[in-house]
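Working notes, structure below.
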Amino acid sequence: MSSTSSLPADKTKIAGNPYVMLALATIGFAVNFWAWALLSPLGPLFRTTGILGKLSESDVALLVAVPVLVGSLGRIPVGALTDKYGGRIMFPLLSMATIVPVVFIGFFGLDSYGALLFGGFFLGLAGTVFAVGVPFVNAWFPPERRGLAIGIFGAGMGGTAISALTTVKLFNNVGEKSPFVITALALAVYAAAAWLILRDAPGRKVSSVSLMSRLVANARLPITWQACVLYAVAFGGYVAFSVYLPAYLKTAYDLDAADAANRMGGFVLVAVIMRPVGGWLSDKIGPIPVLAAGYGVVAVGAAVAASNPLLEHIGTVAFLAMAAALGSGSGATFALVARVIEPSRVGGVTGLVGAAGGLGGFVPPLIMGYVYGRNDSYALGLILLSVTAALTFLLALTLVRSTLNKASEQV
């Protein structure tokens, strides 16, 4: 597909500027992820203050994991729907729909664990926005610039940092409803702006094949399941840390809720910065070296963290190194997808890969909560992460490299 840079200037103005579209898509990703992560920073408070009664570590882990699960599985149909209807429709639609669970939790869900789980289930809608943005941005840029463009869009996952840095402060100092009211207003403003300004890329191809047929065909592609594994570890690891790190830091290092949330914000910030860097490096040197380096760092960092080192020294270095590796690996994964998959199928494949990434974030918090409940230690969970990253390192250097080489030969 030709890039918008080849269009006449007046046509480009009518159709929309690709950088404006990228900026708006990234903002939409950030705002929706802000909403998606609202419950995570409050997890330690729910456990220690008795707001919802006496909650166990597993109760808190389930509470923060439910939106992740729904947001992950929901990416499969949302990605396919984006291939059909485009981001111009799907961005504002999802943002408006997310307002409902945000308001429900703020006004009705804070007095009951069951109500909070119910609201958290529908809050998962916000997490599906990733499957809208990748095909939307992909269509606006030529192949040699898609890694960086998708990486910049992926930096919108920093919306979780907004939640980490503001939710507890607002909850404690302004009022329990305030973080939810402010987030709902941000979603409404973004939905209106997206509806008025966003445009799908000129010449966007719409598949005439049925939704189910497209899902089956995309699932059969070798790159789909390979990218699913890559993203489950990279983005899944990022999500797992971003939703569970506050509870982990409070329990393992006896930090207060605000300090734990701030440190999680630092973890998220490093990962966010490195995501476009991973995409850019993939454009320059190829995605395989970036992926292999990232998983190697995670394997070593998780093994170090399993020894429960001093947080102010080795522990901080280990966690921030993993944040950088997980962020760059996430960017490199979709740079890989953009190289191998034709643009009209990117949404469907993104939905499947994005679902795997979210599921990768759903399982670890539950494992960590279970492991700690049995052993009073997180070491086994971190060792499992180290082994998983090492195996993914080998996958990137073997099967994934082979798939990329075959795709390059067919171009």
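To be explicit about the labels: the chains of the structure tokens are called A, B, and onward in the order shown, and within each one the residues are counted from 1, while ligands get numbers from 1 in the order they are shown.
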With 12 Å as the cut-off and only C-alpha atoms counted, what is the closest atom pair between each nearby residue of stretch 307-352 of chain A and stretch 275-288 of chain A? Distances in Å to one decimal, ordered by chain and number, as JSON lines.
{"residue": "A:Ala323", "atom": "CA", "partner": "A:Arg275", "partner_atom": "CA", "distance": 9.8}
{"residue": "A:Ala324", "atom": "CA", "partner": "A:Arg275", "partner_atom": "CA", "distance": 8.0}
{"residue": "A:Ala325", "atom": "CA", "partner": "A:Gly278", "partner_atom": "CA", "distance": 8.8}
{"residue": "A:Leu326", "atom": "CA", "partner": "A:Arg275", "partner_atom": "CA", "distance": 8.1}
{"residue": "A:Gly327", "atom": "CA", "partner": "A:Arg275", "partner_atom": "CA", "distance": 4.4}
{"residue": "A:Ser328", "atom": "CA", "partner": "A:Gly278", "partner_atom": "CA", "distance": 3.9}
{"residue": "A:Gly329", "atom": "CA", "partner": "A:Gly278", "partner_atom": "CA", "distance": 6.4}
{"residue": "A:Ser330", "atom": "CA", "partner": "A:Arg275", "partner_atom": "CA", "distance": 6.2}
{"residue": "A:Gly331", "atom": "CA", "partner": "A:Arg275", "partner_atom": "CA", "distance": 4.7}
{"residue": "A:Ala332", "atom": "CA", "partner": "A:Gly279", "partner_atom": "CA", "distance": 5.0}
{"residue": "A:Thr333", "atom": "CA", "partner": "A:Pro287", "partner_atom": "CA", "distance": 7.1}
{"residue": "A:Phe334", "atom": "CA", "partner": "A:Gly279", "partner_atom": "CA", "distance": 7.7}
{"residue": "A:Ala335", "atom": "CA", "partner": "A:Gly279", "partner_atom": "CA", "distance": 5.8}
{"residue": "A:Leu336", "atom": "CA", "partner": "A:Pro287", "partner_atom": "CA", "distance": 5.9}
{"residue": "A:Val337", "atom": "CA", "partner": "A:Pro287", "partner_atom": "CA", "distance": 9.7}
{"residue": "A:Ala338", "atom": "CA", "partner": "A:Asp283", "partner_atom": "CA", "distance": 10.4}
{"residue": "A:Arg339", "atom": "CA", "partner": "A:Pro287", "partner_atom": "CA", "distance": 9.4}
{"residue": "A:Val340", "atom": "CA", "partner": "A:Pro287", "partner_atom": "CA", "distance": 11.3}
Could the residues in this selection be saved with C-alpha atoms as a compact mmCIF listing (two decimals), in the first residue's frame?
# COMPACT_ATOMS: atom_id res chain seq x y z
CA ALA A 323 11.08 -2.71 32.28
CA ALA A 324 13.36 -1.55 29.46
CA ALA A 325 13.56 -5.04 27.99
CA LEU A 326 9.81 -5.67 28.17
CA GLY A 327 9.06 -2.31 26.58
CA SER A 328 11.50 -2.76 23.70
CA GLY A 329 10.32 -6.35 23.18
CA SER A 330 6.72 -5.20 22.93
CA GLY A 331 7.65 -2.63 20.28
CA ALA A 332 9.74 -5.14 18.35
CA THR A 333 6.94 -7.72 18.29
CA PHE A 334 4.60 -5.49 16.31
CA ALA A 335 7.41 -4.25 14.11
CA LEU A 336 7.77 -7.95 13.24
CA VAL A 337 4.02 -8.30 12.59
CA ALA A 338 4.04 -5.21 10.35
CA ARG A 339 6.85 -6.74 8.26
CA VAL A 340 5.21 -10.11 7.76
Taking only residues of stretch 212-257 of chain A that have an atom at most 9 Å from an atom of stretch 291-295 of chain A, what is each one's shortest atom pair and its distance in Å to one decimal, using only C-alpha atoms, in chain and number order, as a tab-separated table?
residue	atom	partner	partner_atom	distance
A:Leu230	CA	A:Leu291	CA	8.2
A:Val233	CA	A:Tyr295	CA	8.4
A:Ala234	CA	A:Tyr295	CA	7.8
Selected residues, all heavy atoms, written as a JSON list (two decimals), in the first residue's frame, please.
[["chain", "number", "residue", "atom", "x", "y", "z"],
["A", 230, "LEU", "N", 5.69, -14.37, 21.81],
["A", 230, "LEU", "CA", 6.59, -13.24, 22.05],
["A", 230, "LEU", "C", 5.89, -12.15, 22.87],
["A", 230, "LEU", "O", 6.45, -11.62, 23.83],
["A", 230, "LEU", "CB", 7.07, -12.65, 20.72],
["A", 230, "LEU", "CG", 7.93, -13.55, 19.82],
["A", 230, "LEU", "CD1", 8.16, -12.87, 18.48],
["A", 230, "LEU", "CD2", 9.26, -13.88, 20.49],
["A", 233, "VAL", "N", 4.93, -12.86, 26.62],
["A", 233, "VAL", "CA", 6.02, -12.68, 27.58],
["A", 233, "VAL", "C", 6.39, -11.20, 27.71],
["A", 233, "VAL", "O", 6.55, -10.69, 28.83],
["A", 233, "VAL", "CB", 7.26, -13.50, 27.16],
["A", 233, "VAL", "CG1", 8.41, -13.27, 28.12],
["A", 233, "VAL", "CG2", 6.91, -14.98, 27.09],
["A", 234, "ALA", "N", 6.50, -10.47, 26.59],
["A", 234, "ALA", "CA", 6.94, -9.08, 26.63],
["A", 234, "ALA", "C", 5.86, -8.17, 27.23],
["A", 234, "ALA", "O", 6.04, -7.60, 28.32],
["A", 234, "ALA", "CB", 7.33, -8.61, 25.24]]
Exercise for the section: Write out as a PyMOL selection string the residues lying within 10 Å of A:Leu221, counting only C-alpha atoms and excluding same-chain residues fewer than 4 positions away. Expected result: chain A and resi 216-217+225-226+341+349
Problem - Residue contacts of A:Ala193 (12 Å, only C-alpha atoms) excluding same-chain residues fewer than 4 positions away, as a PyMOL selection string - result: chain A and resi 20-21+23-25+27-28+88+91-93+95-96+186-189+197-199
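When only C-alpha atoms are used to compute distances to A:Gly175, the closest of the residues A:Tyr248, A:Phe107, A:Phe122, A:Phe267 turns out to be A:Phe107.
Among the candidate residues A:Ala258, A:Leu395, A:Val78, A:Ala149, the one lying nearest to A:Asn172 is A:Ala258, with distances computed using only C-alpha atoms.
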